Structures are given as structure tokens and as C-alpha cells.
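Chemist: Supplied structure: final24.json, JSON, C-alpha atoms and all ligand atoms.
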```json
[["chain", "number", "residue", "atom", "x", "y", "z"],
["I", 21, "MET", "CA", 8.32, 23.03, 11.56],
["I", 22, "ALA", "CA", 10.75, 22.33, 8.78],
["I", 23, "LEU", "CA", 9.37, 21.06, 5.49],
["I", 24, "GLU", "CA", 11.61, 18.10, 4.71],
["I", 25, "LYS", "CA", 12.08, 15.51, 2.02],
["I", 26, "SER", "CA", 12.87, 11.87, 2.73],
["I", 27, "LEU", "CA", 14.06, 9.11, 0.41],
["I", 28, "ILE", "CA", 12.12, 5.91, 0.85],
["I", 29, "LEU", "CA", 12.88, 2.54, -0.69],
["I", 30, "LEU", "CA", 10.31, -0.21, -0.70],
["I", 31, "LYS", "CA", 12.77, -3.07, -0.57],
["I", 32, "PRO", "CA", 12.63, -6.28, -2.66],
["I", 33, "ASP", "CA", 10.55, -8.09, 0.00],
["I", 34, "ALA", "CA", 7.88, -5.35, -0.11],
["I", 35, "VAL", "CA", 7.64, -5.75, -3.90],
["I", 36, "GLN", "CA", 7.66, -9.56, -3.77],
["I", 37, "ARG", "CA", 5.04, -9.64, -1.02],
["I", 38, "ARG", "CA", 2.77, -7.15, -2.86],
["I", 39, "LEU", "CA", 2.92, -4.76, 0.10],
["I", 40, "CYS", "CA", 3.85, -1.62, -1.86],
["I", 41, "GLY", "CA", 0.29, -0.36, -2.08],
["I", 42, "GLU", "CA", -0.28, -0.94, 1.63],
["I", 43, "ILE", "CA", 2.87, 0.97, 2.58],
["I", 44, "ILE", "CA", 2.28, 3.84, 0.14],
["I", 45, "THR", "CA", -1.29, 4.12, 1.46],
["I", 46, "ARG", "CA", 0.06, 4.50, 4.98],
["I", 47, "LEU", "CA", 2.43, 7.28, 3.87],
["I", 48, "GLU", "CA", -0.35, 9.10, 2.02],
["I", 49, "ASN", "CA", -2.87, 8.67, 4.82],
["I", 50, "LYS", "CA", -0.37, 10.24, 7.20],
["I", 51, "GLY", "CA", -0.39, 13.33, 4.99],
["I", 52, "LEU", "CA", 3.02, 12.98, 3.38],
["I", 53, "LYS", "CA", 3.13, 14.17, -0.22],
["I", 54, "LEU", "CA", 4.58, 11.92, -2.92],
["I", 55, "ILE", "CA", 6.89, 14.05, -5.04],
["I", 56, "ALA", "CA", 8.88, 11.37, -6.92],
["I", 57, "MET", "CA", 8.51, 7.64, -7.50],
["I", 58, "LYS", "CA", 10.07, 4.96, -9.70],
["I", 59, "MET", "CA", 10.67, 1.21, -9.82],
["I", 60, "LEU", "CA", 14.21, 0.02, -10.43],
["I", 61, "GLN", "CA", 16.70, -2.78, -9.98],
["I", 62, "VAL", "CA", 19.46, -1.84, -7.52],
["I", 63, "THR", "CA", 22.92, -2.75, -8.85],
["I", 64, "LYS", "CA", 25.90, -3.61, -6.64],
["I", 65, "GLU", "CA", 27.37, -0.19, -7.44],
["I", 66, "LEU", "CA", 24.17, 1.61, -6.45],
["I", 67, "ALA", "CA", 23.90, -0.46, -3.26],
["I", 68, "ALA", "CA", 27.45, 0.51, -2.27],
["I", 69, "GLN", "CA", 26.69, 4.17, -2.92],
["I", 70, "HIS", "CA", 23.48, 4.07, -0.91],
["I", 71, "TYR", "CA", 24.89, 2.07, 1.99],
["I", 72, "GLU", "CA", 28.38, 3.64, 2.00],
["I", 73, "GLU", "CA", 28.42, 3.73, 5.82],
["I", 74, "HIS", "CA", 27.79, -0.03, 5.97],
["I", 75, "VAL", "CA", 30.04, -1.33, 3.16],
["I", 76, "GLU", "CA", 32.79, -2.46, 5.54],
["I", 77, "LYS", "CA", 30.41, -4.07, 8.06],
["I", 78, "PRO", "CA", 30.15, -7.84, 8.43],
["I", 79, "PHE", "CA", 26.49, -7.87, 7.41],
["I", 80, "TYR", "CA", 27.09, -5.94, 4.16],
["I", 81, "PRO", "CA", 27.54, -8.93, 1.79],
["I", 82, "MET", "CA", 24.15, -10.30, 2.87],
["I", 83, "LEU", "CA", 22.58, -6.85, 2.67],
["I", 84, "GLU", "CA", 23.99, -6.41, -0.84],
["I", 85, "GLU", "CA", 22.59, -9.77, -1.90],
["I", 86, "PHE", "CA", 19.18, -8.88, -0.51],
["I", 87, "ILE", "CA", 18.87, -5.34, -1.84],
["I", 88, "THR", "CA", 19.97, -6.41, -5.35],
["I", 89, "SER", "CA", 17.75, -9.53, -5.38],
["I", 90, "GLY", "CA", 14.78, -7.93, -7.14],
["I", 91, "PRO", "CA", 13.11, -4.64, -8.00],
["I", 92, "VAL", "CA", 12.59, -1.88, -5.45],
["I", 93, "VAL", "CA", 10.35, 1.19, -5.48],
["I", 94, "ALA", "CA", 12.14, 4.48, -4.77],
["I", 95, "ILE", "CA", 9.99, 7.31, -3.48],
["I", 96, "VAL", "CA", 10.55, 10.87, -2.32],
["I", 97, "VAL", "CA", 8.00, 12.18, 0.17],
["I", 98, "GLU", "CA", 7.70, 15.69, 1.49],
["I", 99, "GLY", "CA", 6.12, 17.01, 4.64],
["I", 100, "PRO", "CA", 6.74, 18.73, 7.97],
["I", 101, "GLU", "CA", 9.66, 16.93, 9.66],
["I", 102, "ALA", "CA", 9.17, 14.18, 7.08],
["I", 103, "VAL", "CA", 12.43, 12.42, 7.98],
["I", 104, "SER", "CA", 11.53, 11.66, 11.59],
["I", 105, "VAL", "CA", 7.87, 11.10, 10.75],
["I", 106, "VAL", "CA", 8.84, 8.37, 8.27],
["I", 107, "ARG", "CA", 11.36, 6.85, 10.70],
["I", 108, "GLY", "CA", 8.61, 6.59, 13.29],
["I", 109, "MET", "CA", 6.25, 4.95, 10.83],
["I", 110, "MET", "CA", 8.95, 2.42, 9.81],
["I", 111, "GLY", "CA", 9.72, 1.18, 13.32],
["I", 112, "LYS", "CA", 13.01, -0.27, 14.51],
["I", 113, "THR", "CA", 15.45, -1.96, 12.15],
["I", 114, "ASN", "CA", 14.55, -5.40, 13.49],
["I", 115, "GLY", "CA", 10.95, -6.31, 12.75],
["I", 116, "ARG", "CA", 10.83, -8.49, 15.85],
["I", 117, "GLU", "CA", 11.57, -5.44, 18.02],
["I", 118, "SER", "CA", 9.33, -3.00, 16.15],
["I", 119, "ALA", "CA", 6.14, -1.86, 17.80],
["I", 120, "PRO", "CA", 2.78, -2.96, 16.41],
["I", 121, "GLY", "CA", 1.40, -0.15, 14.29],
["I", 122, "THR", "CA", 4.74, 0.45, 12.58],
["I", 123, "ILE", "CA", 5.41, -0.90, 9.09],
["I", 124, "ARG", "CA", 8.20, -3.25, 10.20],
["I", 125, "GLY", "CA", 6.31, -4.11, 13.36],
["I", 126, "ASP", "CA", 3.17, -5.07, 11.49],
["I", 127, "PHE", "CA", 4.67, -6.95, 8.55],
["I", 128, "GLY", "CA", 8.06, -8.43, 9.39],
["I", 129, "LEU", "CA", 10.17, -10.58, 11.66],
["I", 130, "SER", "CA", 13.63, -9.94, 10.22],
["I", 131, "ARG", "CA", 16.42, -7.46, 10.95],
["I", 132, "GLN", "CA", 17.66, -7.55, 7.37],
["I", 133, "VAL", "CA", 14.59, -8.24, 5.25],
["I", 134, "ASN", "CA", 12.65, -5.32, 6.67],
["I", 135, "LEU", "CA", 10.54, -3.90, 3.87],
["I", 136, "ILE", "CA", 11.46, -0.23, 3.89],
["I", 137, "HIS", "CA", 14.36, 2.21, 3.94],
["I", 138, "GLY", "CA", 13.87, 5.79, 5.11],
["I", 139, "SER", "CA", 16.58, 8.45, 5.33],
["I", 140, "ASP", "CA", 17.91, 8.92, 8.85],
["I", 141, "GLY", "CA", 18.47, 12.69, 8.64],
["I", 142, "PRO", "CA", 17.68, 15.65, 6.36],
["I", 143, "GLU", "CA", 21.23, 15.75, 4.97],
["I", 144, "ALA", "CA", 21.25, 12.00, 4.34],
["I", 145, "ALA", "CA", 17.91, 12.47, 2.57],
["I", 146, "LEU", "CA", 19.34, 15.01, 0.13],
["I", 147, "ARG", "CA", 22.33, 12.75, -0.58],
["I", 148, "GLU", "CA", 20.13, 9.69, -1.12],
["I", 149, "ILE", "CA", 17.59, 11.54, -3.27],
["I", 150, "GLY", "CA", 20.52, 12.55, -5.50],
["I", 151, "ILE", "CA", 21.53, 8.89, -5.85],
["I", 152, "TYR", "CA", 18.13, 7.70, -7.04],
["I", 153, "PHE", "CA", 16.65, 10.71, -8.84],
["I", 154, "GLN", "CA", 17.64, 13.40, -11.31],
["I", 155, "ALA", "CA", 16.71, 16.87, -10.06],
["I", 156, "GLU", "CA", 13.93, 17.19, -12.68],
["I", 157, "GLU", "CA", 12.31, 13.93, -11.51],
["I", 158, "VAL", "CA", 11.56, 15.41, -8.08],
["I", 159, "LEU", "CA", 8.40, 17.43, -8.50],
["I", 160, "SER", "CA", 7.04, 20.45, -6.71],
["I", 161, "TYR", "CA", 3.31, 21.01, -6.67],
["I", 162, "LYS", "CA", 0.57, 22.39, -4.52],
["I", 163, "SER", "CA", -2.14, 20.18, -3.10],
["I", 164, "SER", "CA", -5.39, 21.48, -1.65],
["I", 165, "LEU", "CA", -4.88, 19.11, 1.28],
["I", 166, "ASP", "CA", -1.65, 20.83, 2.34],
["I", 167, "GLU", "CA", -3.40, 23.40, 4.53],
["I", 168, "TRP", "CA", -5.27, 20.64, 6.34],
["I", 169, "VAL", "CA", -2.59, 18.02, 6.83],
["I", 170, "CYS", "CA", 0.39, 20.35, 7.20],
["I", 171, "ALA", "CA", -1.24, 23.11, 9.26],
["I", 172, "SER", "CA", 1.31, 24.91, 11.44],
["I", 173, "ASP", "CA", 1.06, 24.25, 15.14],
["I", 201, "LIG", "N1", 21.01, -4.57, 8.37],
["I", 201, "LIG", "C1", 21.34, -5.91, 8.47],
["I", 201, "LIG", "N2", 21.94, -6.35, 9.62],
["I", 201, "LIG", "C2", 22.23, -5.53, 10.66],
["I", 201, "LIG", "C3", 21.88, -4.17, 10.55],
["I", 201, "LIG", "C4", 21.29, -3.72, 9.39],
["I", 201, "LIG", "O1", 21.12, -6.67, 7.54],
["I", 201, "LIG", "O2", 22.77, -5.98, 11.68],
["I", 201, "LIG", "C5", 20.38, -4.08, 7.12],
["I", 201, "LIG", "C6", 18.87, -3.82, 7.27],
["I", 201, "LIG", "O3", 18.23, -4.17, 6.05],
["I", 201, "LIG", "C7", 18.85, -2.32, 7.52],
["I", 201, "LIG", "C8", 19.98, -1.84, 6.63],
["I", 201, "LIG", "O4", 20.98, -2.86, 6.75],
["I", 201, "LIG", "O5", 17.59, -1.76, 7.19],
["I", 201, "LIG", "C9", 20.58, -0.52, 7.02],
["I", 201, "LIG", "O6", 20.93, -0.56, 8.39],
["I", 201, "LIG", "P1", 20.60, 0.67, 9.37],
["I", 201, "LIG", "O7", 21.33, 0.41, 10.65],
["I", 201, "LIG", "O8", 20.87, 1.94, 8.66],
["I", 201, "LIG", "O9", 19.03, 0.46, 9.66],
["I", 201, "LIG", "P2", 17.71, 1.26, 9.24],
["I", 201, "LIG", "O10", 18.07, 2.73, 9.22],
["I", 201, "LIG", "O11", 17.29, 0.75, 7.89],
["I", 201, "LIG", "O12", 16.71, 0.90, 10.30]]
```
Mind turning this structure into C-alpha cells?
Modeler:
Amino acid sequence: MALEKSLILLKPDAVQRRLCGEIITRLENKGLKLIAMKMLQVTKELAAQHYEEHVEKPFYPMLEEFITSGPVVAIVVEGPEAVSVVRGMMGKTNGRESAPGTIRGDFGLSRQVNLIHGSDGPEAALREIGIYFQAEEVLSYKSSLDEWVCASD
């Protein structure tokens, strides 16, 4: 089991709808460790860096407008296979197609305004963490829960 980091964004709708606490609670209850967190306003430049694979797509102007429309919360979590664990917790891109029990499935009906971003691979995670955080902002610490929630199997 690889210990991975994932970059999570609680998007402007999560902040506006006061759902940050709910979502962070889900991540913590799962056993993921918070190792960096900050609130910020995404600029157009930052959005283009983050979503470089989507910049040329027809939906990008709307995505840019949405992601820059208000503050977001950027988080780095760590845990065994954290990238795929977070992706599973998020649900599908479109809230209408996301299973109940997932974050998008429980709280949204939109394909664009979908509450949360999570890295889609370990390499993407490292790239995205570097966009949002300085190296010294990503912490490393032991937690007495690690042996219980991250036990090898
Ligand atoms: N998005 C959109 N329209 C689309 C596809 C994606 O507005 O047709 C937005 C949506 O907010 C999504 C983000 O672009 O979360 C990134 O798209 P991706 O396909 O990477 O989805 P994700 O990995 O976030 O599920």
C-alpha cells in the first residue's frame, strides 16, 4: 500500500454553501491525515495552471468563471492510496450521476458546480500540490491514530 498525498480543493460552492466542515469531517473520519490547508482566491492564472489539460476545452470559460468566483479551501491529505480513496469519496464529475454516499452524490446536481476537486493520479497530485503550496507549508507529523486507520493489510 503506497502512502500517497492528494490535493483537494473545496470549490467556491462548498465555501458559499457552508459545506467545508462537512466535507473535511468526511475526509478525517475516513482516516486521511490533513497535512496542509489554506483558504485562497483562485486567479485566472492559477486556474489555467491547475486546469492546464482543460484550458482549450469548450467548457473552460465557464469553469474559469466558476472557480474564480469566490474563495476556495486548498487541502493536502495523506494516507494509503489517498488519491483513489479521495476520488471514490468524491463520486463522479456530474453530481446527478454520482452515487448516494459520495460527496457529489449527496450534495450536488451539477456537472460543473460540484463542490470538490481531488487529484486524479499520484503524479498529478505532486504537480497540483506544488501549485498551491510551498514545500514548507506541507507538514509531516506522526499521529497516534496512524497505526489504527492505516494498518497494513
Ligand atoms: N467540468 C465542466 N464541464 C465538463 C467537464 C468538467 O464544467 O463537461 C468541470 C467540473 O467542475 C470538473 C472540472 O471541470 O470537476 C474538471 O473536470 P474533470 O474531467 O477533471 O473532472 P473531475 O476530475 O473534477 O471529476
Chemist: Got a sec to check which residues lie within 7 Å of ligand LIG 201 (chain I), using all atoms listed in the file, and send them as a ChimeraX atom specification?
Modeler: /I:79-80,82-83,112-113,131-134,137-138,140
Chemist: Suppose you want the space between CA of Ala171 in chain I and CA of Val106 in chain I; what is it in Å?
Modeler: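 If I compute the distance from CA of Ala171 in chain I to CA of Val106 in chain I, I get 17.9 Å.
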Chemist: In the coordinate frame of the file, compute which residues have an atom within 12 Å of (10.7, -3.4, -5.1) when using only C-alpha atoms, and state them as a ChimeraX atom specification.
Modeler: /I:28-41,43,57-62,86-95,135-137
Chemist: State, in Å with one decimal place, the distance from CA of Ala102 in chain I to CA of Lys25 in chain I.
Modeler: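 According to the coordinates, CA of Ala102 in chain I and CA of Lys25 in chain I are separated by 6.0 Å.
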Chemist: CA of Gly108 in chain I and CA of Lys64 in chain I, how far apart in Å?
Modeler: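 These atoms are spaced 28.3 Å apart.
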Chemist: Can you tell me, as JSON, the centre and edge lengths (Å, one decimal) of the axis-aligned box enclosing all of range 101-104 of chain I's listed atoms after padding each side by 4 Å?
Modeler:
```
{"center_x": 10.8, "center_y": 14.3, "center_z": 9.3, "size_x": 11.3, "size_y": 13.3, "size_z": 12.5}
```
